[in-house]
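J.: Hey, dropping coords_15.json in here, JSON, C-alpha atoms:
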[["chain", "number", "residue", "atom", "x", "y", "z"],
["S", 252, "MET", "CA", 115.01, 49.47, -0.57],
["S", 253, "ASN", "CA", 111.30, 48.68, -0.81],
["S", 254, "PHE", "CA", 109.93, 48.48, -4.32],
["S", 255, "LEU", "CA", 106.59, 50.07, -3.37],
["S", 256, "LYS", "CA", 105.87, 52.04, -0.21],
["S", 257, "LEU", "CA", 102.63, 53.61, 1.01],
["S", 258, "ASN", "CA", 103.04, 56.23, 3.74],
["S", 259, "GLY", "CA", 99.97, 57.36, 5.74],
["S", 260, "ILE", "CA", 97.40, 57.27, 2.93],
["S", 261, "TYR", "CA", 94.11, 59.03, 3.68],
["S", 262, "HIS", "CA", 91.40, 59.78, 1.14],
["S", 263, "THR", "CA", 88.16, 61.70, 1.50],
["S", 264, "TYR", "CA", 85.51, 62.26, -1.16],
["S", 265, "PHE", "CA", 83.91, 65.70, -0.96],
["S", 266, "THR", "CA", 80.57, 66.90, -2.29],
["S", 267, "LYS", "CA", 78.83, 70.23, -1.67],
["S", 268, "SER", "CA", 77.18, 68.93, 1.47],
["S", 269, "THR", "CA", 79.18, 65.87, 2.61],
["S", 270, "ALA", "CA", 82.66, 64.54, 3.22],
["S", 271, "THR", "CA", 83.12, 60.76, 3.12],
["S", 272, "THR", "CA", 86.41, 59.28, 4.27],
["S", 273, "ALA", "CA", 87.17, 56.20, 2.16],
["S", 274, "LEU", "CA", 90.69, 55.40, 3.44],
["S", 275, "SER", "CA", 92.39, 56.14, 6.74],
["S", 276, "ASP", "CA", 96.09, 55.93, 7.62],
["S", 277, "ILE", "CA", 97.20, 53.09, 5.33],
["S", 278, "SER", "CA", 100.91, 52.34, 5.37],
["S", 279, "LEU", "CA", 102.46, 49.23, 3.84],
["S", 280, "GLU", "CA", 105.40, 48.04, 1.77],
["S", 281, "VAL", "CA", 105.64, 45.62, -1.15],
["S", 282, "GLU", "CA", 108.85, 43.94, -2.28],
["S", 283, "GLU", "CA", 109.87, 43.58, -5.92],
["S", 284, "GLY", "CA", 108.49, 40.37, -7.43],
["S", 285, "GLU", "CA", 105.89, 39.99, -4.68],
["S", 286, "PHE", "CA", 102.21, 39.26, -5.35],
["S", 287, "VAL", "CA", 99.86, 40.79, -2.78],
["S", 288, "SER", "CA", 96.07, 41.04, -2.51],
["S", 289, "PHE", "CA", 93.69, 43.61, -1.02],
["S", 290, "LEU", "CA", 90.68, 41.90, 0.53],
["S", 291, "GLY", "CA", 87.82, 43.37, 2.53],
["S", 292, "PRO", "CA", 84.09, 44.08, 2.78],
["S", 293, "SER", "CA", 82.33, 45.92, -0.06],
["S", 294, "GLY", "CA", 82.91, 49.65, 0.17],
["S", 295, "CYS", "CA", 86.14, 49.41, 2.17],
["S", 296, "GLY", "CA", 88.10, 51.37, -0.45],
["S", 297, "LYS", "CA", 90.08, 48.59, -2.18],
["S", 298, "THR", "CA", 89.65, 49.98, -5.68],
["S", 299, "THR", "CA", 90.20, 53.55, -4.46],
["S", 300, "LEU", "CA", 93.50, 52.45, -2.94],
["S", 301, "LEU", "CA", 94.49, 50.71, -6.19],
["S", 302, "SER", "CA", 93.69, 53.90, -8.15],
["S", 303, "ILE", "CA", 95.80, 55.97, -5.74],
["S", 304, "ILE", "CA", 98.77, 53.61, -6.12],
["S", 305, "ALA", "CA", 98.40, 53.80, -9.90],
["S", 306, "GLY", "CA", 98.47, 57.61, -9.75],
["S", 307, "LEU", "CA", 94.92, 57.92, -11.12],
["S", 308, "ILE", "CA", 93.66, 59.57, -7.91],
["S", 309, "LYS", "CA", 95.65, 61.92, -5.69],
["S", 310, "PRO", "CA", 95.25, 60.98, -2.02],
["S", 311, "THR", "CA", 93.95, 63.60, 0.41],
["S", 312, "GLU", "CA", 97.02, 62.92, 2.52],
["S", 313, "GLY", "CA", 100.08, 60.67, 2.35],
["S", 314, "GLU", "CA", 102.45, 59.55, -0.40],
["S", 315, "ILE", "CA", 103.19, 56.61, -2.67],
["S", 316, "LEU", "CA", 106.80, 55.75, -3.51],
["S", 317, "LEU", "CA", 107.64, 53.43, -6.40],
["S", 318, "GLU", "CA", 111.34, 52.58, -6.55],
["S", 319, "ASN", "CA", 111.83, 55.47, -4.13],
["S", 320, "GLU", "CA", 110.21, 57.96, -6.52],
["S", 321, "PRO", "CA", 106.87, 59.66, -5.68],
["S", 322, "VAL", "CA", 103.87, 58.55, -7.75],
["S", 323, "SER", "CA", 101.81, 61.67, -8.38],
["S", 324, "LYS", "CA", 100.20, 60.86, -11.74],
["S", 325, "ALA", "CA", 99.59, 57.89, -14.04],
["S", 326, "ASP", "CA", 102.98, 56.23, -14.57],
["S", 327, "ASP", "CA", 104.07, 54.05, -17.48],
["S", 328, "LYS", "CA", 105.83, 51.82, -14.93],
["S", 329, "ILE", "CA", 102.35, 50.69, -13.84],
["S", 330, "GLY", "CA", 100.00, 48.45, -15.82],
["S", 331, "TYR", "CA", 96.28, 48.08, -15.08],
["S", 332, "MET", "CA", 94.02, 45.08, -15.76],
["S", 333, "LEU", "CA", 90.32, 45.48, -14.98],
["S", 334, "GLN", "CA", 87.21, 43.31, -14.58],
["S", 335, "GLN", "CA", 86.16, 44.17, -18.15],
["S", 336, "ASP", "CA", 88.69, 43.70, -20.94],
["S", 337, "TYR", "CA", 87.89, 47.07, -22.58],
["S", 338, "LEU", "CA", 89.14, 45.92, -25.97],
["S", 339, "PHE", "CA", 88.12, 48.19, -28.86],
["S", 340, "PRO", "CA", 85.53, 46.14, -30.78],
["S", 341, "TRP", "CA", 86.32, 47.78, -34.13],
["S", 342, "LYS", "CA", 90.04, 46.97, -33.88],
["S", 343, "THR", "CA", 91.69, 43.60, -34.50],
["S", 344, "ILE", "CA", 93.35, 41.73, -31.64],
["S", 345, "GLU", "CA", 96.72, 42.73, -33.04],
["S", 346, "GLU", "CA", 95.73, 46.41, -33.10],
["S", 347, "ASN", "CA", 94.34, 46.13, -29.55],
["S", 348, "ILE", "CA", 97.56, 44.74, -28.06],
["S", 349, "PHE", "CA", 99.59, 47.52, -29.71],
["S", 350, "ILE", "CA", 97.45, 50.36, -28.27],
["S", 351, "GLY", "CA", 99.49, 50.95, -25.10],
["S", 352, "LEU", "CA", 102.75, 50.95, -27.06],
["S", 353, "LYS", "CA", 101.27, 53.38, -29.57],
["S", 354, "LEU", "CA", 100.09, 55.78, -26.86],
["S", 355, "MET", "CA", 103.58, 55.69, -25.29],
["S", 356, "ASN", "CA", 105.29, 56.22, -28.67],
["S", 357, "GLN", "CA", 107.05, 52.87, -28.32],
["S", 358, "LEU", "CA", 105.56, 51.02, -31.29],
["S", 359, "THR", "CA", 108.85, 49.70, -32.71],
["S", 360, "GLU", "CA", 109.21, 46.45, -34.65],
["S", 361, "GLU", "CA", 110.97, 44.95, -31.64],
["S", 362, "LYS", "CA", 108.08, 45.87, -29.32],
["S", 363, "LYS", "CA", 105.52, 44.59, -31.84],
["S", 364, "ASN", "CA", 107.30, 41.26, -32.06],
["S", 365, "TYR", "CA", 107.45, 41.07, -28.26],
["S", 366, "ALA", "CA", 103.69, 41.67, -27.99],
["S", 367, "LEU", "CA", 102.96, 39.03, -30.65],
["S", 368, "HIS", "CA", 105.27, 36.61, -28.82],
["S", 369, "LEU", "CA", 103.27, 37.22, -25.61],
["S", 370, "LEU", "CA", 100.06, 36.50, -27.51],
["S", 371, "LYS", "CA", 101.51, 33.16, -28.62],
["S", 372, "GLU", "CA", 102.67, 32.39, -25.05],
["S", 373, "MET", "CA", 99.08, 32.96, -23.87],
["S", 374, "GLY", "CA", 97.86, 30.28, -26.26],
["S", 375, "LEU", "CA", 96.36, 32.80, -28.66],
["S", 376, "LYS", "CA", 98.41, 32.22, -31.80],
["S", 377, "GLY", "CA", 96.34, 32.76, -34.94],
["S", 378, "VAL", "CA", 93.85, 35.28, -33.52],
["S", 379, "GLU", "CA", 95.83, 38.37, -34.51],
["S", 380, "LYS", "CA", 93.48, 39.41, -37.35],
["S", 381, "GLN", "CA", 90.27, 38.49, -35.53],
["S", 382, "PHE", "CA", 88.02, 40.94, -33.67],
["S", 383, "PRO", "CA", 87.12, 40.81, -29.94],
["S", 384, "LYS", "CA", 83.55, 39.60, -30.63],
["S", 385, "GLN", "CA", 85.02, 36.44, -32.18],
["S", 386, "LEU", "CA", 86.73, 35.45, -28.91],
["S", 387, "SER", "CA", 85.40, 34.04, -25.62],
["S", 388, "GLY", "CA", 85.48, 36.09, -22.40],
["S", 389, "GLY", "CA", 88.53, 34.21, -21.13],
["S", 390, "MET", "CA", 90.39, 34.73, -24.40],
["S", 391, "ARG", "CA", 89.60, 38.45, -24.34],
["S", 392, "GLN", "CA", 90.97, 38.73, -20.80],
["S", 393, "ARG", "CA", 94.17, 37.03, -21.97],
["S", 394, "VAL", "CA", 94.39, 39.61, -24.76],
["S", 395, "ALA", "CA", 93.91, 42.36, -22.15],
["S", 396, "LEU", "CA", 96.79, 40.88, -20.13],
["S", 397, "VAL", "CA", 99.02, 40.82, -23.23],
["S", 398, "ARG", "CA", 98.13, 44.46, -23.94],
["S", 399, "THR", "CA", 99.15, 45.34, -20.37],
["S", 400, "LEU", "CA", 102.37, 43.30, -20.35],
["S", 401, "ALA", "CA", 103.42, 44.55, -23.81],
["S", 402, "THR", "CA", 104.42, 47.92, -22.31],
["S", 403, "GLU", "CA", 106.63, 46.05, -19.81],
["S", 404, "PRO", "CA", 105.26, 47.67, -16.62],
["S", 405, "LYS", "CA", 107.18, 47.10, -13.40],
["S", 406, "LEU", "CA", 104.00, 46.95, -11.29],
["S", 407, "LEU", "CA", 100.80, 45.26, -12.37],
["S", 408, "MET", "CA", 97.43, 46.26, -10.88],
["S", 409, "LEU", "CA", 94.66, 43.65, -11.10],
["S", 410, "ASP", "CA", 91.19, 44.94, -10.22],
["S", 411, "GLU", "CA", 88.97, 41.83, -9.99],
["S", 412, "PRO", "CA", 90.11, 40.69, -13.45],
["S", 413, "PHE", "CA", 88.45, 37.25, -13.24],
["S", 414, "SER", "CA", 85.13, 38.07, -11.56],
["S", 415, "ALA", "CA", 83.10, 38.30, -14.78],
["S", 416, "LEU", "CA", 84.21, 34.86, -15.98],
["S", 417, "ASP", "CA", 82.65, 31.45, -15.42],
["S", 418, "TYR", "CA", 84.28, 29.47, -12.61],
["S", 419, "GLN", "CA", 86.23, 27.00, -14.77],
["S", 420, "THR", "CA", 87.65, 29.76, -16.98],
["S", 421, "LYS", "CA", 88.48, 31.81, -13.87],
["S", 422, "LEU", "CA", 90.52, 28.96, -12.36],
["S", 423, "LYS", "CA", 92.41, 28.36, -15.61],
["S", 424, "LEU", "CA", 93.16, 32.05, -16.01],
["S", 425, "GLU", "CA", 94.36, 32.34, -12.40],
["S", 426, "ASP", "CA", 96.98, 29.67, -13.16],
["S", 427, "LEU", "CA", 97.99, 31.31, -16.44],
["S", 428, "VAL", "CA", 98.30, 34.81, -14.97],
["S", 429, "SER", "CA", 100.19, 33.55, -11.89],
["S", 430, "ASP", "CA", 102.64, 31.54, -14.00],
["S", 431, "THR", "CA", 103.15, 34.44, -16.43],
["S", 432, "LEU", "CA", 103.83, 37.02, -13.70],
["S", 433, "LYS", "CA", 106.25, 34.68, -11.91],
["S", 434, "SER", "CA", 108.15, 33.94, -15.12],
["S", 435, "PHE", "CA", 108.50, 37.69, -15.81],
["S", 436, "LYS", "CA", 109.27, 38.38, -12.12],
["S", 437, "LYS", "CA", 106.51, 41.00, -12.02],
["S", 438, "THR", "CA", 105.23, 42.70, -8.89],
["S", 439, "ALA", "CA", 101.44, 42.58, -8.71],
["S", 440, "ILE", "CA", 98.57, 43.84, -6.56],
["S", 441, "LEU", "CA", 95.20, 42.10, -6.80],
["S", 442, "VAL", "CA", 91.89, 43.51, -5.59],
["S", 443, "THR", "CA", 89.39, 40.71, -5.01],
["S", 444, "HIS", "CA", 86.31, 39.70, -3.00],
["S", 445, "ASP", "CA", 87.32, 36.04, -3.35],
["S", 446, "ILE", "CA", 89.21, 34.73, -0.29],
["S", 447, "GLY", "CA", 90.23, 31.58, -2.15],
["S", 448, "GLU", "CA", 91.64, 33.57, -5.05],
["S", 449, "ALA", "CA", 93.63, 35.80, -2.69],
["S", 450, "ILE", "CA", 95.12, 32.79, -0.89],
["S", 451, "ALA", "CA", 95.89, 30.82, -4.06],
["S", 452, "MET", "CA", 97.62, 33.68, -5.90],
["S", 453, "SER", "CA", 99.30, 35.76, -3.20],
["S", 454, "ASP", "CA", 102.39, 35.91, -1.05],
["S", 455, "ARG", "CA", 100.54, 38.17, 1.39],
["S", 456, "VAL", "CA", 96.93, 39.23, 1.86],
["S", 457, "PHE", "CA", 96.10, 42.68, 3.26],
["S", 458, "LEU", "CA", 92.68, 42.71, 4.93],
["S", 459, "LEU", "CA", 90.99, 46.13, 5.02],
["S", 460, "SER", "CA", 88.35, 47.12, 7.55],
["S", 461, "PRO", "CA", 84.97, 48.64, 6.54],
["S", 462, "ARG", "CA", 84.80, 52.33, 5.59],
["S", 463, "PRO", "CA", 86.88, 54.14, 6.30],
["S", 464, "GLY", "CA", 89.25, 51.47, 5.01],
["S", 465, "LYS", "CA", 92.15, 50.78, 7.33],
["S", 466, "LEU", "CA", 94.77, 48.05, 7.22],
["S", 467, "HIS", "CA", 93.17, 45.63, 9.69],
["S", 468, "LYS", "CA", 95.46, 42.63, 9.37],
["S", 469, "THR", "CA", 98.16, 41.12, 7.15],
["S", 470, "PHE", "CA", 98.17, 37.40, 6.39],
["S", 471, "PHE", "CA", 101.36, 35.66, 5.26],
["S", 472, "ILE", "CA", 100.54, 32.75, 2.96],
["S", 473, "PRO", "CA", 102.49, 29.57, 3.89],
["S", 474, "LYS", "CA", 105.46, 28.70, 1.69],
["S", 475, "GLU", "CA", 103.98, 25.36, 0.65],
["S", 476, "LEU", "CA", 101.02, 27.19, -0.93],
["S", 477, "ARG", "CA", 103.07, 30.00, -2.44],
["S", 478, "GLU", "CA", 105.19, 27.49, -4.37],
["S", 479, "LEU", "CA", 102.16, 25.92, -6.07],
["S", 480, "ALA", "CA", 100.01, 27.01, -8.99],
["S", 481, "PRO", "CA", 96.72, 28.52, -7.76],
["S", 482, "PHE", "CA", 94.62, 25.48, -8.71],
["S", 483, "GLU", "CA", 97.01, 23.14, -6.87],
["S", 484, "ALA", "CA", 97.13, 25.51, -3.88],
["S", 485, "ARG", "CA", 93.33, 25.31, -3.54],
["S", 486, "ASN", "CA", 93.65, 21.52, -3.22],
["S", 487, "HIS", "CA", 96.56, 21.47, -0.76],
["S", 488, "GLU", "CA", 95.95, 20.22, 2.79],
["S", 489, "SER", "CA", 97.09, 23.57, 4.26],
["S", 490, "TYR", "CA", 94.56, 25.58, 2.28],
["S", 491, "PRO", "CA", 91.36, 25.02, 4.36],
["S", 492, "ALA", "CA", 92.95, 26.24, 7.60],
["S", 493, "VAL", "CA", 94.21, 29.45, 5.96],
["S", 494, "PHE", "CA", 90.80, 29.99, 4.36],
["S", 495, "GLN", "CA", 88.98, 29.55, 7.68],
["S", 496, "THR", "CA", 91.34, 31.95, 9.47],
["S", 497, "ILE", "CA", 90.79, 34.73, 6.93],
["S", 498, "TRP", "CA", 87.05, 33.97, 6.68],
["S", 499, "LYS", "CA", 86.57, 34.35, 10.43],
["S", 500, "GLU", "CA", 88.55, 37.58, 10.49],
["S", 501, "LEU", "CA", 86.54, 38.98, 7.61],
["S", 502, "GLU", "CA", 83.27, 37.97, 9.28],
["S", 503, "SER", "CA", 84.32, 39.78, 12.47],
["S", 504, "LEU", "CA", 84.50, 43.02, 10.47],
["S", 505, "GLU", "CA", 80.97, 42.85, 9.05]]
How does this structure look as structure tokens?
T.:
Amino acid sequence: MNFLKLNGIYHTYFTKSTATTALSDISLEVEEGEFVSFLGPSGCGKTTLLSIIAGLIKPTEGEILLENEPVSKADDKIGYMLQQDYLFPWKTIEENIFIGLKLMNQLTEEKKNYALHLLKEMGLKGVEKQFPKQLSGGMRQRVALVRTLATEPKLLMLDEPFSALDYQTKLKLEDLVSDTLKSFKKTAILVTHDIGEAIAMSDRVFLLSPRPGKLHKTFFIPKELRELAPFEARNHESYPAVFQTIWKELESLE
């Protein structure tokens, strides 16, 4: 049984005078524990597709199956991490990481302790009573990841979560997120414009064509790269050839 299955996804945005097709006939499957990326030109519908999978947008046509059950609305099995951390500035870090649990009526002592343990695992011990403005951008993104993981989602959606960070922080956070998701055996989908990031973090990369977004090609990342941390993968001898292959394919679409 496939963990996640997309069957014939189409999506069209309608206004009073126009109809714009964003996605056309996208079908794919993702296995449990797999990390995949959506890559493609700007405007190809990557974020729209992520929102449809998360149940935030209903597709014009097609269906999403998560563990063989239709996804028709926002599901607590799915966690979302965005480009901005969206922490509440007037709440402490501790209060911020408990928000998802509170909204789901799961704020038990056991769940609180689990969330605080995650915070410690992310190297953020001692910041519980601080406010977001007291932390760096990278630290806030780690808090956002803890908030997402605290609800123990089965599928994690990452919508360009590192793009607002400086390059050094981005590389460090890629390693941390990759290691964390592997240790928790989480299934994840990453939307990114960064070819290197997609290669370094993923098992497979799905390349979408320009609008309307279609599944143009699937790239399988070599085992020797998949077994490494993202930073190490970027420095492996196999990496440049994979990068060039995807780069050329992406250029052919523009």
J.: Nearest to Asp426 (chain S) among S:Glu483, S:Glu403, S:Glu372, S:Asp326, with distances taken over only C-alpha atoms: which residue is it?
T.: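 Closest residue, counting only C-alpha atoms: S:Glu483.
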J.: Between S:Thr266, S:Gln334, S:Thr271, S:Thr469, which is the closest to Val442 (chain S) once you count all atoms listed in the file?
T.: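 Once distances to Val442 (chain S) are computed over all atoms listed in the file, the minimum belongs to S:Gln334.
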J.: I'd like to know which of S:Phe254, S:Tyr490, S:Tyr331, S:Phe286 is closest to Lys437 (chain S), using all atoms listed in the file.
T.: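 Checking each of S:Phe254, S:Tyr490, S:Tyr331, S:Phe286 against Lys437 (chain S), counting all atoms listed in the file, the winner is S:Phe286.
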J.: Do you have the CA of Leu432 (chain S)-CA of Lys309 (chain S) distance handy?
T.: 27.4 Å
J.: Kindly give the distance, in Å, that separates CA of Ser453 (chain S) and CA of Phe482 (chain S), rounded to a single decimal.
T.: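 Spanning CA of Ser453 (chain S) to CA of Phe482 (chain S) is a straight-line distance of 12.6 Å.
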J.: Using all atoms listed in the file, what residues lie at most 8 Å away from (88.1, 49.6, 0.4) (file coordinates), given as an mmCIF file with C-alpha atoms, keeping the file's coordinate frame?
T.:
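File produced: out31.cif:
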data_model
loop_
_atom_site.group_PDB
_atom_site.id
_atom_site.type_symbol
_atom_site.label_atom_id
_atom_site.label_comp_id
_atom_site.auth_asym_id
_atom_site.auth_seq_id
_atom_site.Cartn_x
_atom_site.Cartn_y
_atom_site.Cartn_z
ATOM 1 C CA ALA S 273 87.170 56.200 2.160
ATOM 2 C CA LEU S 274 90.690 55.400 3.440
ATOM 3 C CA GLY S 291 87.820 43.370 2.530
ATOM 4 C CA PRO S 292 84.090 44.080 2.780
ATOM 5 C CA SER S 293 82.330 45.920 -0.060
ATOM 6 C CA GLY S 294 82.910 49.650 0.170
ATOM 7 C CA CYS S 295 86.140 49.410 2.170
ATOM 8 C CA GLY S 296 88.100 51.370 -0.450
ATOM 9 C CA LYS S 297 90.080 48.590 -2.180
ATOM 10 C CA THR S 298 89.650 49.980 -5.680
ATOM 11 C CA THR S 299 90.200 53.550 -4.460
ATOM 12 C CA LEU S 300 93.500 52.450 -2.940
ATOM 13 C CA LEU S 459 90.990 46.130 5.020
ATOM 14 C CA SER S 460 88.350 47.120 7.550
ATOM 15 C CA PRO S 461 84.970 48.640 6.540
ATOM 16 C CA ARG S 462 84.800 52.330 5.590
ATOM 17 C CA PRO S 463 86.880 54.140 6.300
ATOM 18 C CA GLY S 464 89.250 51.470 5.010
#
J.: Using Å and a single decimal, report how far CA of Glu478 (chain S) sits from CA of Gly330 (chain S).
T.: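 Atom-to-atom, CA of Gly330 (chain S) and CA of Glu478 (chain S) are spaced 24.4 Å apart.
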J.: Using only C-alpha atoms, can you tell me which of S:Thr343, S:Thr272, S:Gln335, S:Thr496 comes closest to Lys384 (chain S)?
T.: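 Looking at the shortest contact to Lys384 (chain S), the residue is S:Thr343.
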J.: As a PyMOL selection string, please: the residues near Leu396 (chain S) (cut-off 9 Å, all atoms listed in the file, same-chain neighbours under 2 positions excluded).
T.: chain S and resi 331-332+336+348+391-394+398-401+428
J.: Find the residues near Leu479 (chain S): any atom within 12 Å, counting all atoms listed in the file, skip ones fewer than 3 places away on the same chain, and give them as a list in words.
T.: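 Skipping anything fewer than 3 positions along the chain leaves Glu425, Asp426, Ser429, Asp430, Lys433, Ile450, Ala451, Met452, Ser453, Asp454, Ile472, Pro473, Lys474, Glu475, Leu476, Phe482, Glu483, Ala484, Arg485, Asn486, His487, Ser489 and Tyr490 of chain S.
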J.: Around region 480-483 of chain S, fit a box with edges along x, y and z, padding it by 8 Å on each side, then list its centre and edge lengths in Å to one decimal as JSON.
T.:
{"center_x": 97.3, "center_y": 25.8, "center_z": -7.9, "size_x": 21.4, "size_y": 21.4, "size_z": 18.1}
